[in-house]
Protein chains: 4
Amino acid sequence: MRPYSSPSEPATPAAPAGLFDGVLARGAVREVMGDRAWLGALLSVEAALARSLADVGAVPAGAAVAIAAAADRMDLNTDLIADLSAAAAASGNPVVALVERLRSAVPPEAAGYVHMGATSQDIMDTAAMLLADRARDALRGDLRAAADAAAALAREHRDTPMAARTLLQQAVPTTFGLKAAGWCVGLDEVSARLATVRLPAQLGGAAGTLAGLDPEAGARLAAQLGLASRVLPWHTTRTPIADLAGALGGVAGVVGKVARDVVLLAQSEVAEVAEGKPGGSSAMAHKRNPVAAVSALAGSIQAPGLVASLLASMPQEHERAAGAWHAEWRPLRELLIATGSAASWLRECLAHLQVDGAAMRANLDRLLRTLGASEPDVGFAPALVDRVLTDRGGAA
Amino acid sequence: MRPYSSPSEPATPAAPAGLFDGVLARGAVREVMGDRAWLGALLSVEAALARSLADVGAVPAGAAVAIAAAADRMDLNTDLIADLSAAAAASGNPVVALVERLRSAVPPEAAGYVHMGATSQDIMDTAAMLLADRARDALRGDLRAAADAAAALAREHRDTPMAARTLLQQAVPTTFGLKAAGWCVGLDEVSARLATVRLPAQLGGAAGTLAGLDPEAGARLAAQLGLASRVLPWHTTRTPIADLAGALGGVAGVVGKVARDVVLLAQSEVAEVAEGKPGGSSAMAHKRNPVAAVSALAGSIQAPGLVASLLASMPQEHERAAGAWHAEWRPLRELLIATGSAASWLRECLAHLQVDGAAMRANLDRLLRTLGASEPDVGFAPALVDRVLTDRGGAA
Amino acid sequence: MRPYSSPSEPATPAAPAGLFDGVLARGAVREVMGDRAWLGALLSVEAALARSLADVGAVPAGAAVAIAAAADRMDLNTDLIADLSAAAAASGNPVVALVERLRSAVPPEAAGYVHMGATSQDIMDTAAMLLADRARDALRGDLRAAADAAAALAREHRDTPMAARTLLQQAVPTTFGLKAAGWCVGLDEVSARLATVRLPAQLGGAAGTLAGLDPEAGARLAAQLGLASRVLPWHTTRTPIADLAGALGGVAGVVGKVARDVVLLAQSEVAEVAEGKPGGSSAMAHKRNPVAAVSALAGSIQAPGLVASLLASMPQEHERAAGAWHAEWRPLRELLIATGSAASWLRECLAHLQVDGAAMRANLDRLLRTLGASEPDVGFAPALVDRVLTDRGGAA
Amino acid sequence: MRPYSSPSEPATPAAPAGLFDGVLARGAVREVMGDRAWLGALLSVEAALARSLADVGAVPAGAAVAIAAAADRMDLNTDLIADLSAAAAASGNPVVALVERLRSAVPPEAAGYVHMGATSQDIMDTAAMLLADRARDALRGDLRAAADAAAALAREHRDTPMAARTLLQQAVPTTFGLKAAGWCVGLDEVSARLATVRLPAQLGGAAGTLAGLDPEAGARLAAQLGLASRVLPWHTTRTPIADLAGALGGVAGVVGKVARDVVLLAQSEVAEVAEGKPGGSSAMAHKRNPVAAVSALAGSIQAPGLVASLLASMPQEHERAAGAWHAEWRPLRELLIATGSAASWLRECLAHLQVDGAAMRANLDRLLRTLGASEPDVGFAPALVDRVLTDRGGAA
C-alpha cells in the first residue's frame, strides 16, 4: 500500500515545479496535491475499499490482497495521467478508466471485486479527503512553526517599545512583543480551527443508498484510511468541503495580516524590521525586498475568491450534481496550494526576521514629542505578552 | 438596560420593511441587524463597559449606574441615526458622536467615565458580536425547525420509493425518506457548526495595550454581555469574523442545496412535491410557483461573494486597519440577512411541503422499465433513515 | 411623469441616512438606489409602457395619459413600501401588488391597460436599468472630478521629485506629477469603460415571446426612457448585469489603488501628503487620519465579492430563473452604493490633498545617498505627465 | 522568433494533460497558458524589446538580431522551467534568472543589451497579454462556433413549439427556436465584449519613468507584438486585467446559462434534448449523461470567484505591488482555462445536440390542457428568431 503517513517522504519522485511554483506554490502542499499524489490516493482508496469489504465478508480476503497489491504496483507516470485525463472527458471523471486498468491488473477471479458497489464519486471524494488531510498536516506544521517564531519574537521583544499605528498613523506606544504576540495568537487560532475540520470518507454507491454495499462498509473504509465517518454519504451535501474552505480562508487571512504588517514595517521610511534573506532586484542592487512576506501575501490574496467558488458549488442537485461537483476539483487544489504556500513563506519570513529596536525607538520618539511625553506608556503590553506565552504552555 | 435576551421581543418598534425585504430579508434577522438594534447594542456595550470598570474599581458604582440609565433612556429614533451617520463621516465611525451624546446625558460627575479607556472599535466590534449572537439564535431556530420538518418527512416517507437522479438523469431507486434525511443531516451539521463559532467581546483601548484600562476588564465585559473572551484584543486579527463568515457560508450552501432539490422536484414535468402555499403569478393563474424555495435560493446565492468580501478584509494593517475594518460592516449585515432569510424561507417551505408518492412511483416506473426491474431495490435507504433519526435522538 | 433627468434634484424627500451611510454610502448613489427611487422608477416604467403601447395603437391615448397621471400622483411613502414588500413575499416581487394599486388608481376604462402584456420582470429590470443609469451619471461625475483633481496635481507637481517605491521599498526617483498622472489615467479609463455599458430596457411578456405585445413596443419603451434597446428580451441572459458589474469592479479597483497610495503617502513616517480635512480621533487629538482615503478603500474592498455574486447569478434557468434573478437585487444595489461611495470619497480626498514637496525631497535624499547620486534622474516622468495632460485635451 | 500567430500550431510539443484536464481544461486554452507557452512568450518579449530599442537607435541592430536568435534557440524544457521556478523564489519572479540565461547565450557584445531598461514586470505583463490575446482567439473561436450551432438550431426550430418555463414551472408556449436564438445572442454578445478588451504591452522600466528607455519604445514594442499601446505604463493600474476578467466572467455566465438549459431539458422526465455523444456511467449502463453540458457548467462555476480574486488584486501599492501583482498569475491562468474549457465543451454540446420536437409537443400538451387551449400561441417567437438571424447577417 502506498503510505499516506509521512508528508516528508513522498512515495513517488517529485514532480518538476511549474514556472510560478517557486513563488506561489512553496512548501509541501504542491507535491501533496499534485497529479501523482491524486492518482496514488485514488488507488489507495480502491485498495482500502476492497479490504473494508473483505472485513465484512463481502469480498474474499485473497481478492482484497490482490487488489491492494496491484494498486501498489501501478506505475504512476505521466502517460497514465494523460490517458486517464483523456478518458475522463468521456465519462466525466478519471476513476472509470482507472478502475478498468486496475481490473486488468488483478487475477481474473479478483477483477469482479474491484470498485465493488462504489461509484466514482466515492473514490474521488475519499481521495480528496486523504490528500486534504495530508495537506492540512503540512500546512499546520508551517503555521505552528510560524507561530513559534512569532512567540520567540514576542518573548525577546516583550518590552521593546514602538509606535502603534492606527489607520497607518502613529497613535500611541505599544511594544513589538505585543504585536508579535498578536500574530502568534492569530496563527494558533486558525491552526486550531483547521484541526477541527472533519474530513470524512465517502461511500454510498450509485445514489447513496449503499445498494450492493454493506451498512458498515463506510465506517470501515474511514477507519482504514484514518478519516472521519459520517452518518450518511455526502455526495451532494458538501459540508466537509465548505468547512475546509472556510477554515483555509481564515488561515489565509491571518497569514496575510502578519505578512502585511511585515511589509509595512520593512518600508524604507519605517525600517523597523528586515527579512533575513531579502530578495534582490535585477535592476536595483540596493533594494532589500521582503520577498517572503510579499510572496505570503500573494498566496493569501487568492484565497477569498477560491473559497467563494467552493461555497458557490454547494447547492448540488439531487444525488449527484450536474457540474458543481466537478467545479470543486481545481479550486480546492488551488486553495490548498495558495494557502499552504502563504504559510510556508510566512514561516520562512518570521524565522529569520531581523528586528531593529533602535529604529522603533527613533520612530516612536517622534510620536512622543508630538504627545509631549518623555517616556512611552505601553499600558499592559508586556503583561499581555506574558499571558499569551503562558497560554501557549511556554514560560513567559 | 436594553435587553438582548429575546429575539421575539424587540426593544424598539419594528423598522418598516424595505421594498425587497419581503422576499430577501424574511424572518427575524433583518430586525436584529437593523440600525436601531445596532444603536441599542452600542449603548448596551457602553453601559456594560462602565459596569465592568466599576467591578474592578476603576469607575464609581454610581457613575456606572448613571451611564447605564442614560443609555437605556436614549431615544433611538431616525433623526439620531441620521445625525450619527453624518458625524461618522468626519471621524470614521458613529461611536464618537454617540459617546458625546451619552456624556451630555449623564450627570457631570459621571461624564468622564463614559467610554473610559475604550476606543471606538471596541464598542463597534462588541456590538457587532452581540448582534451576531442574537442573529445566530434566530438563524439556528429556523435551521432547527427546517431540520425537524425534514426529519418528519424522512420518517413519513422512509419507504416511499422514488428515482435517484445523478447529473439530473434518473439513475437507480432510492426513497424520498433518504433524500429528506440527507437534508436533515446537512441542516443539523451547519447549525452545529454555527454554534461553535466563538463571538468574543472586544476591549483593547486605543492600540490594544489596555492602557487606561484594567487587564481584567475585557473578561468582565464579555461576561456581562454573555460573549466569549479572548486572550488578546482582536482589532486587526479578524478570526471571529472569518469563522462566522465561513460558518454562514456553509449554512447558505446547505439551505441552497435543499431548496434546489425542492425546486427541481416541483418542476411541472416531475411534480413529486409542491409547496403548501405556492405563489401565484400575475399573468398566469395556473402556475404554482415554489416561492419559498425560490426565495431561499435567492438568499443562498448571495452568500459566497459576501464571505469573500469578509475574508478579503482580513489582512488589516498594524493596530487598526485603513479601510478594511469599515469594509466589514455592510457585508456582515448583508450576509446575516441573506442567510437568515434563506433559512426562514426554507423552514416555511419544508413545514408545508406536499409530497406526491404516486407521482414518485410513476416517474420511477419509467426507470424500472429501462432497468428491466419489476420492483425497486432501494438498498439500505430505510435503514439509513433510521440511523439518522436515531442519531437525532428521536425514535426511528 | 417623475423625472429622472437630474441626480441633484431628487423627486422625493431624501430618505434619512442609515447608521453607516455617512462612511459607506457617501454621495448621490445611495439616494438614487433607495426604496423611494426604486418605487418611482417602477411607476415610471409602467407609465412609459402605456405610452409605448399607445404609440403603436395597442392602448388608447387617453388611457396612457391616465396611467401616467396616476403613476405620478402616487404617494411613495414608507407605508406603501412596507405593504408592497409584504405582498412581494407571496408573489416573489413587489410589482404584482404595485400594479393592483395602479389599476385601482385609474379610471375603470383604463384599468385593463395597466401593465398590459408585461411580466413583473419586465418592469423590475427596466427600472433597475433606469436607476443604474442615473447612478452611473452620479458615479461618473465623481470619477471625473477625482480625475480632474489628479490632473491638477500632475500639472502642479510635474517636476516635483520623489522616491518611487516598489514592494514598498524606495527604488528609484520619479515625480509626484507622474504618480498623479497615473491616478488620472486610471480614473479616466474606468469612467470611459463604465460609459460603454449598454443598459437596455426589458420587455418580453410572460416568457419573452412578446405574446400580447407588439414587436416594436420594446424599442419604443427603451426610447421613452432613454435606455438602450436589445434584439431580444434578456430575462435569463444577464449580459447587461454582468457588463455593469464588471465595469463597476474596475472602478472600485482603481479607486482603491489611488486611495491606497494616499494612505501610504500619508503615513506618519512618510508624511508626503495629508488630507485637507483629516479626521480626528476621540482618543488621540494629535492624529490626522486620512478619513476620506480610508473610507474610499472601505467602499472599494466590498466590490469584488459583490461582482462575484452577480456573475454567479448568471446561469439562469429557462425563461425565468428560480432564485438567481431575485439574488441580483441586493448585490446590485450594494455594488453601486459601495462603488459610488468610494468614488465620492476619493473626489473629496483628491480635491483637498495637501502635497509636501519638501518631505518628498527629504525622503528621496535618503535614496539618493544610497544610490550615490547627487541629483535625481526622473527619466521621462515630466514628459509622460505632459503626454497625459495633452491626451485629456488640456494644455500641458 | 517563436511565432504567436497560430493557436493551432503550437511552437513546442504539447505538454501532457493533467489528471483533471480532460474534463476541466478542454480545448486550446490550456496549451496556450501552459508553462512552455509562458516561457516562449517571455522570450518573445525580450526579443521584441531588443528590436524595438534597435528601431529607436538605442541598441545596435546586430545585437537585437543576436538576442532574438538566442531567444529562439532556447530549449524550453521541463528542467529549465523548474530552474527558473526555483530562482524565482529568491527574486520574486522568473524573469531575473531567464535574463541571465539569455545574456549568457548571446555574444558578449550583445549581452549588455538584453532586457535593457526594462523591469521584470514589463516582461511578465507583456507576455501575459500576448498569451491572453492568443487565448482570447481560441476562446472566441469556440464561442463563435457555439453561437453558430445555436443559430442553426434556431433556424431549424423556428416554429417548433415547446413550453416556456418560469421558476421551472411550465408557463406559456414558446418555440425552441426562440430559446436557441436567445443562446445565440448571449454568446455573440460576450464574444463581442471580449473582443473590445484592450490588451496593452507594458514598458516602463524600474518605476514607470522610462528611465534608460525611450519614450517611443513602448509603442514600438506594442506594435511589434500586435498588442495595444497605453499612454502610461500600468504596473499598478490594473485596468487591462480588470477588463479582461470582467469580460471572461460574462463569457462564463452566458456559457453557464446555456449549459444549464441543456442539462434541464435533458432531464429524464423532460427529455426534450439529448447530447449527441452522451457519457456513460461505470455503474449504470442505461444512463445518457449530458457530459458536455455538465463539464461546461463545471468550468463556468469557477469563474466568479476567480474574477473576484483578480479584482481584489487591483489596489496595488505605489510603483510595484507588494504581493497583489504576483497574486494575479494563477487566477488569470485559471480563469482563462476554466472559461475556455467551458466554451469548448459548449461548442461540442451544441454542435451535436439532438432535439426531440415530439417530446416538446407532448410536454406542451399538458400545459395546453391546463390552459384550456387547443393550439399554442407562441406570440412573436418566430419573428424574433428571424430578427436575430438577420442581425447576424444570415438569411432568416
# chains A, B, ... in the order shown; residues from 1 in each chain; ligands from 1
>>> select_by_dssp(residues="segment 11-250 of chain A", states="alpha helix (DSSP H)", output="ChimeraX atom specification")
/A:21-24,29-32,35-55,61-73,78-91,95-105,108-111,120-156,176-195,217-225,239-250
>>> select_by_dssp(residues="segment 128-326 of chain C", states="strand (DSSP E or B)", output="compact mmCIF listing (two decimals) with all heavy atoms, in the first residue's frame")
# COMPACT_ATOMS: atom_id res chain seq x y z
N PRO C 161 10.27 66.02 -7.52
CA PRO C 161 10.86 64.68 -7.41
C PRO C 161 10.46 63.98 -6.11
O PRO C 161 10.25 64.62 -5.08
CB PRO C 161 12.37 64.96 -7.42
CG PRO C 161 12.50 66.35 -6.89
CD PRO C 161 11.24 67.09 -7.29
N MET C 162 10.34 62.71 -6.21
CA MET C 162 10.05 61.88 -5.03
C MET C 162 10.60 60.49 -5.29
O MET C 162 11.00 60.17 -6.41
CB MET C 162 8.54 61.80 -4.77
CG MET C 162 7.79 60.95 -5.78
SD MET C 162 5.97 60.94 -5.52
CE MET C 162 5.85 60.23 -3.89
N ALA C 163 10.60 59.66 -4.26
CA ALA C 163 11.07 58.28 -4.41
C ALA C 163 9.95 57.43 -4.97
O ALA C 163 8.84 57.42 -4.42
CB ALA C 163 11.52 57.72 -3.07
N ALA C 164 10.21 56.73 -6.05
CA ALA C 164 9.31 55.66 -6.46
C ALA C 164 9.55 54.48 -5.54
O ALA C 164 10.68 54.26 -5.08
CB ALA C 164 9.57 55.27 -7.90
N ARG C 165 8.48 53.74 -5.27
CA ARG C 165 8.59 52.62 -4.33
C ARG C 165 8.04 51.35 -4.96
O ARG C 165 6.91 51.33 -5.44
CB ARG C 165 7.83 52.95 -3.05
CG ARG C 165 8.44 54.14 -2.28
CD ARG C 165 7.50 54.69 -1.24
NE ARG C 165 8.11 55.78 -0.47
CZ ARG C 165 7.84 57.07 -0.65
NH1 ARG C 165 6.94 57.46 -1.55
NH2 ARG C 165 8.44 57.98 0.09
N THR C 166 8.86 50.31 -4.93
CA THR C 166 8.41 49.01 -5.43
C THR C 166 8.51 48.02 -4.28
O THR C 166 9.49 48.02 -3.54
CB THR C 166 9.28 48.55 -6.61
OG1 THR C 166 10.63 48.47 -6.22
CG2 THR C 166 9.16 49.53 -7.77
N GLN C 169 9.51 49.39 -1.04
CA GLN C 169 10.89 49.82 -0.83
C GLN C 169 11.21 50.96 -1.78
O GLN C 169 10.84 50.92 -2.96
CB GLN C 169 11.86 48.66 -1.13
CG GLN C 169 11.66 47.43 -0.28
CD GLN C 169 12.05 47.67 1.16
OE1 GLN C 169 13.17 48.09 1.45
NE2 GLN C 169 11.12 47.46 2.08
N GLN C 170 11.92 51.96 -1.28
CA GLN C 170 12.38 53.02 -2.18
C GLN C 170 13.21 52.40 -3.31
O GLN C 170 14.11 51.59 -3.05
CB GLN C 170 13.22 54.03 -1.42
CG GLN C 170 12.41 54.86 -0.43
CD GLN C 170 13.22 55.97 0.20
OE1 GLN C 170 14.44 56.09 -0.03
NE2 GLN C 170 12.55 56.80 1.00
N ALA C 171 12.92 52.80 -4.53
CA ALA C 171 13.55 52.12 -5.67
C ALA C 171 14.42 53.09 -6.47
O ALA C 171 15.65 53.00 -6.46
CB ALA C 171 12.48 51.51 -6.56
N VAL C 172 13.78 54.00 -7.18
CA VAL C 172 14.48 55.00 -7.98
C VAL C 172 13.64 56.27 -7.93
O VAL C 172 12.52 56.25 -7.46
CB VAL C 172 14.63 54.54 -9.46
CG1 VAL C 172 15.51 53.30 -9.58
CG2 VAL C 172 13.28 54.30 -10.08
N PRO C 173 14.16 57.37 -8.42
CA PRO C 173 13.36 58.60 -8.39
C PRO C 173 12.24 58.59 -9.42
O PRO C 173 12.32 57.94 -10.46
CB PRO C 173 14.38 59.69 -8.72
CG PRO C 173 15.73 59.09 -8.46
CD PRO C 173 15.56 57.63 -8.80
N THR C 174 11.21 59.34 -9.10
CA THR C 174 10.15 59.64 -10.05
C THR C 174 9.69 61.06 -9.71
O THR C 174 10.37 61.76 -8.96
CB THR C 174 8.99 58.63 -9.96
OG1 THR C 174 8.05 58.92 -10.99
CG2 THR C 174 8.29 58.65 -8.61
N THR C 175 8.53 61.47 -10.26
CA THR C 175 7.96 62.73 -9.78
C THR C 175 6.55 62.47 -9.28
O THR C 175 5.89 61.52 -9.71
CB THR C 175 7.89 63.81 -10.88
OG1 THR C 175 6.85 63.50 -11.81
CG2 THR C 175 9.21 63.95 -11.61
N PRO C 200 -30.09 48.22 -21.25
CA PRO C 200 -31.28 48.10 -22.10
C PRO C 200 -32.57 48.02 -21.31
O PRO C 200 -32.62 47.50 -20.19
CB PRO C 200 -31.04 46.77 -22.82
CG PRO C 200 -30.25 45.96 -21.86
CD PRO C 200 -29.41 46.93 -21.05
N ALA C 228 -31.06 51.72 -23.69
CA ALA C 228 -30.69 51.00 -24.90
C ALA C 228 -31.77 49.99 -25.26
O ALA C 228 -32.62 49.65 -24.44
CB ALA C 228 -29.36 50.28 -24.67
N VAL C 273 1.97 63.46 1.87
CA VAL C 273 0.69 64.11 1.61
C VAL C 273 -0.14 64.08 2.89
O VAL C 273 0.14 63.31 3.81
CB VAL C 273 -0.13 63.41 0.48
CG1 VAL C 273 0.69 63.23 -0.79
CG2 VAL C 273 -0.70 62.09 0.95
N ALA C 274 -1.14 64.95 2.92
CA ALA C 274 -2.10 64.94 4.02
C ALA C 274 -3.45 65.31 3.43
O ALA C 274 -3.52 66.03 2.43
CB ALA C 274 -1.70 65.94 5.12
N GLY C 279 -9.54 63.42 9.59
CA GLY C 279 -10.44 63.13 10.68
C GLY C 279 -9.71 63.10 12.01
O GLY C 279 -8.52 62.79 12.08
N ASN C 289 -6.04 61.50 10.70
CA ASN C 289 -6.40 60.32 9.90
C ASN C 289 -6.86 60.71 8.49
O ASN C 289 -7.66 61.62 8.34
CB ASN C 289 -7.53 59.56 10.59
CG ASN C 289 -7.08 58.87 11.86
OD1 ASN C 289 -5.94 58.46 11.97
ND2 ASN C 289 -7.97 58.79 12.84
N ARG C 320 -37.29 32.07 -16.92
CA ARG C 320 -37.24 32.91 -15.71
C ARG C 320 -36.57 32.09 -14.62
O ARG C 320 -36.95 30.94 -14.39
CB ARG C 320 -38.63 33.33 -15.21
CG ARG C 320 -38.59 34.25 -13.98
CD ARG C 320 -38.79 35.72 -14.31
NE ARG C 320 -40.15 35.99 -14.74
CZ ARG C 320 -40.52 36.08 -16.03
NH1 ARG C 320 -39.64 35.94 -17.00
NH2 ARG C 320 -41.78 36.33 -16.34
>>> residues_around(residues="Leu80 of chain C", least_positions_apart="5", cutoff="12 Å", atoms="only C-alpha atoms", output="list in words")
Pro16, Ala17, Gly18 and Leu19 of chain B; Asp35, Arg36, Leu39, Gly40, Met74, Asp75, Ser85, Ala86, Ala87, Pro94, Ala97, Leu98 and Arg101 of chain C
>>> residues_around(residues="Ala247 of chain D", least_positions_apart="2", cutoff="10 Å", atoms="only C-alpha atoms", output="PyMOL selection string")
(chain C and resi 239+242-243+246-247) or (chain D and resi 190-197+241-245+249-253+307)
>>> write_last_selection(atoms="all heavy atoms", output="CSV table (one decimal), in the first residue's frame")
chain,number,residue,atom,x,y,z
C,239,THR,N,-26.4,39.5,-19.6
C,239,THR,CA,-25.2,40.2,-20.1
C,239,THR,C,-25.2,41.7,-19.6
C,239,THR,O,-24.1,42.2,-19.3
C,239,THR,CB,-25.1,40.1,-21.6
C,239,THR,OG1,-26.4,40.3,-22.2
C,239,THR,CG2,-24.5,38.8,-22.0
C,242,ALA,N,-24.0,41.6,-16.0
C,242,ALA,CA,-22.6,41.2,-16.0
C,242,ALA,C,-21.6,42.4,-16.4
C,242,ALA,O,-20.6,42.6,-15.8
C,242,ALA,CB,-22.3,40.0,-16.8
C,243,ASP,N,-22.0,43.0,-17.5
C,243,ASP,CA,-21.2,44.1,-18.0
C,243,ASP,C,-21.1,45.2,-17.0
C,243,ASP,O,-20.0,45.8,-16.8
C,243,ASP,CB,-21.7,44.5,-19.4
C,243,ASP,CG,-20.6,45.1,-20.2
C,243,ASP,OD1,-19.5,44.9,-20.0
C,243,ASP,OD2,-21.0,45.9,-21.2
C,246,GLY,N,-18.9,44.1,-14.0
C,246,GLY,CA,-17.5,44.1,-14.4
C,246,GLY,C,-16.9,45.5,-14.4
C,246,GLY,O,-15.8,45.8,-13.9
C,247,ALA,N,-17.7,46.4,-15.0
C,247,ALA,CA,-17.2,47.8,-15.1
C,247,ALA,C,-17.1,48.4,-13.7
C,247,ALA,O,-16.1,49.2,-13.4
C,247,ALA,CB,-18.1,48.6,-16.0
D,190,VAL,N,-21.2,38.2,-25.5
D,190,VAL,CA,-20.0,38.1,-24.7
D,190,VAL,C,-18.7,38.0,-25.5
D,190,VAL,O,-17.6,38.4,-25.1
D,190,VAL,CB,-20.1,37.0,-23.6
D,190,VAL,CG1,-21.2,37.3,-22.6
D,190,VAL,CG2,-20.4,35.6,-24.3
D,191,SER,N,-18.9,37.4,-26.7
D,191,SER,CA,-17.7,37.3,-27.6
D,191,SER,C,-17.3,38.7,-28.1
D,191,SER,O,-16.1,39.1,-28.1
D,191,SER,CB,-18.0,36.4,-28.8
D,191,SER,OG,-16.9,36.3,-29.6
D,192,ALA,N,-18.3,39.5,-28.5
D,192,ALA,CA,-18.1,40.8,-28.9
D,192,ALA,C,-17.5,41.7,-27.8
D,192,ALA,O,-16.5,42.5,-28.0
D,192,ALA,CB,-19.4,41.5,-29.4
D,193,ARG,N,-18.0,41.5,-26.6
D,193,ARG,CA,-17.5,42.2,-25.4
D,193,ARG,C,-16.0,41.9,-25.2
D,193,ARG,O,-15.1,42.7,-25.0
D,193,ARG,CB,-18.3,41.9,-24.2
D,193,ARG,CG,-17.7,42.3,-22.9
D,193,ARG,CD,-17.9,43.7,-22.6
D,193,ARG,NE,-17.1,44.1,-21.4
D,193,ARG,CZ,-15.9,44.4,-21.4
D,193,ARG,NH1,-15.2,44.6,-22.6
D,193,ARG,NH2,-15.2,44.7,-20.3
D,194,LEU,N,-15.7,40.6,-25.3
D,194,LEU,CA,-14.3,40.1,-25.1
D,194,LEU,C,-13.4,40.7,-26.1
D,194,LEU,O,-12.2,41.1,-25.8
D,194,LEU,CB,-14.3,38.6,-25.2
D,194,LEU,CG,-13.0,37.9,-24.8
D,194,LEU,CD1,-12.6,38.2,-23.3
D,194,LEU,CD2,-13.2,36.3,-24.9
D,195,ALA,N,-13.9,40.9,-27.4
D,195,ALA,CA,-13.1,41.5,-28.4
D,195,ALA,C,-12.7,42.9,-28.1
D,195,ALA,O,-11.7,43.4,-28.6
D,195,ALA,CB,-13.8,41.4,-29.8
D,196,THR,N,-13.5,43.6,-27.4
D,196,THR,CA,-13.2,45.0,-27.1
D,196,THR,C,-12.2,45.2,-26.0
D,196,THR,O,-11.7,46.4,-25.8
D,196,THR,CB,-14.5,45.8,-26.7
D,196,THR,OG1,-14.9,45.3,-25.4
D,196,THR,CG2,-15.6,45.6,-27.7
D,197,VAL,N,-11.8,44.2,-25.3
D,197,VAL,CA,-10.8,44.4,-24.2
D,197,VAL,C,-9.5,44.7,-24.8
D,197,VAL,O,-9.0,44.0,-25.7
D,197,VAL,CB,-10.7,43.1,-23.4
D,197,VAL,CG1,-9.6,43.2,-22.3
D,197,VAL,CG2,-12.0,42.8,-22.7
D,241,ILE,N,-6.2,44.0,-16.8
D,241,ILE,CA,-6.6,42.8,-16.1
D,241,ILE,C,-8.0,42.8,-15.7
D,241,ILE,O,-8.8,41.8,-15.9
D,241,ILE,CB,-5.7,42.6,-14.9
D,241,ILE,CG1,-4.2,42.6,-15.3
D,241,ILE,CG2,-6.0,41.3,-14.1
D,241,ILE,CD1,-3.7,41.4,-16.1
D,242,ALA,N,-8.5,43.9,-15.1
D,242,ALA,CA,-9.9,44.0,-14.7
D,242,ALA,C,-10.8,43.9,-15.8
D,242,ALA,O,-11.9,43.2,-15.7
D,242,ALA,CB,-10.1,45.3,-13.9
D,243,ASP,N,-10.5,44.5,-16.9
D,243,ASP,CA,-11.4,44.5,-18.1
D,243,ASP,C,-11.5,43.1,-18.6
D,243,ASP,O,-12.6,42.6,-19.0
D,243,ASP,CB,-10.9,45.5,-19.1
D,243,ASP,CG,-12.0,46.0,-20.0
D,243,ASP,OD1,-13.2,45.8,-19.6
D,243,ASP,OD2,-11.7,46.5,-21.1
D,244,LEU,N,-10.3,42.4,-18.7
D,244,LEU,CA,-10.3,41.1,-19.2
D,244,LEU,C,-11.1,40.2,-18.3
D,244,LEU,O,-11.9,39.3,-18.7
D,244,LEU,CB,-8.8,40.6,-19.4
D,244,LEU,CG,-8.6,39.2,-19.8
D,244,LEU,CD1,-9.2,38.9,-21.2
D,244,LEU,CD2,-7.1,38.9,-19.9
D,245,ALA,N,-10.8,40.3,-17.0
D,245,ALA,CA,-11.5,39.5,-16.0
D,245,ALA,C,-13.0,39.6,-16.1
D,245,ALA,O,-13.8,38.7,-16.1
D,245,ALA,CB,-11.0,39.8,-14.6
D,249,GLY,N,-15.7,36.8,-17.1
D,249,GLY,CA,-16.8,36.5,-16.2
D,249,GLY,C,-18.2,36.5,-16.9
D,249,GLY,O,-19.0,35.6,-16.7
D,250,GLY,N,-18.3,37.4,-17.8
D,250,GLY,CA,-19.6,37.4,-18.6
D,250,GLY,C,-19.6,36.2,-19.5
D,250,GLY,O,-20.7,35.6,-19.7
D,251,VAL,N,-18.5,35.9,-20.2
D,251,VAL,CA,-18.5,34.7,-21.0
D,251,VAL,C,-18.9,33.4,-20.2
D,251,VAL,O,-19.8,32.7,-20.6
D,251,VAL,CB,-17.1,34.4,-21.6
D,251,VAL,CG1,-17.0,33.1,-22.3
D,251,VAL,CG2,-16.7,35.6,-22.6
D,252,ALA,N,-18.3,33.3,-19.1
D,252,ALA,CA,-18.6,32.1,-18.3
D,252,ALA,C,-20.1,32.1,-17.9
D,252,ALA,O,-20.7,31.0,-17.8
D,252,ALA,CB,-17.7,32.1,-17.0
D,253,GLY,N,-20.6,33.2,-17.6
D,253,GLY,CA,-22.0,33.3,-17.1
D,253,GLY,C,-23.0,32.9,-18.3
D,253,GLY,O,-23.9,32.1,-18.0
D,307,VAL,N,-12.7,35.9,-10.9
D,307,VAL,CA,-12.8,37.3,-11.2
D,307,VAL,C,-12.6,38.1,-9.9
D,307,VAL,O,-11.9,39.1,-9.9
D,307,VAL,CB,-14.2,37.6,-11.9
D,307,VAL,CG1,-14.4,39.1,-12.1
D,307,VAL,CG2,-14.3,36.8,-13.2
>>> interface_residues(of="chain B", to="chain D", cutoff="8 Å", atoms="only C-alpha atoms", output="JSON, numbers by chain")
{"B": [167, 168, 169, 170, 171, 263, 264, 266, 267, 268, 269, 270, 284, 286, 287, 288, 289, 290, 294, 305, 312, 363, 370, 371]}
>>> atom_distance(atom1="atom CA of Ala217 of chain B", atom2="atom CA of Val255 of chain A")
28.8 Å
>>> residues_around(residues="Arg26 of chain B", least_positions_apart="5", cutoff="12 Å", atoms="only C-alpha atoms", output="MDAnalysis selection string")
(chainID B and resid 17:21 31:32 138:139 142 292 295:296 298:299 336:348) or (chainID C and resid 85:86 88:90 92)
>>> closest_residue(among="A:Arg73, A:Arg51, A:Arg260, A:Arg369", to="Met314 of chain B", atoms="only C-alpha atoms")
A:Arg260
>>> closest_residue(among="A:Glu216, A:Glu319, A:Glu189, A:Glu334", to="His235 of chain A", atoms="only C-alpha atoms")
A:Glu319
>>> atom_distance(atom1="atom CA of Ala324 of chain D", atom2="atom CA of Gly256 of chain A")
11.1 Å
>>> decode(residues="segment 233-249 of chain A", atoms="C-alpha atoms", output="tab-separated table (two decimals), in the first residue's frame")
chain	number	residue	atom	x	y	z
A	233	PRO	CA	-22.87	9.75	2.33
A	234	TRP	CA	-22.31	13.40	1.43
A	235	HIS	CA	-22.36	13.22	-2.36
A	236	THR	CA	-24.42	16.39	-2.65
A	237	THR	CA	-24.26	17.74	0.90
A	238	ARG	CA	-20.87	19.38	0.75
A	239	THR	CA	-20.40	20.38	4.36
A	240	PRO	CA	-16.89	18.92	4.60
A	241	ILE	CA	-15.73	20.96	1.62
A	242	ALA	CA	-17.40	24.09	2.97
A	243	ASP	CA	-15.90	23.66	6.39
A	244	LEU	CA	-12.44	23.06	5.00
A	245	ALA	CA	-12.75	26.02	2.66
A	246	GLY	CA	-13.87	28.33	5.44
A	247	ALA	CA	-11.02	27.26	7.69
A	248	LEU	CA	-8.48	27.75	4.89
A	249	GLY	CA	-9.93	31.19	4.21
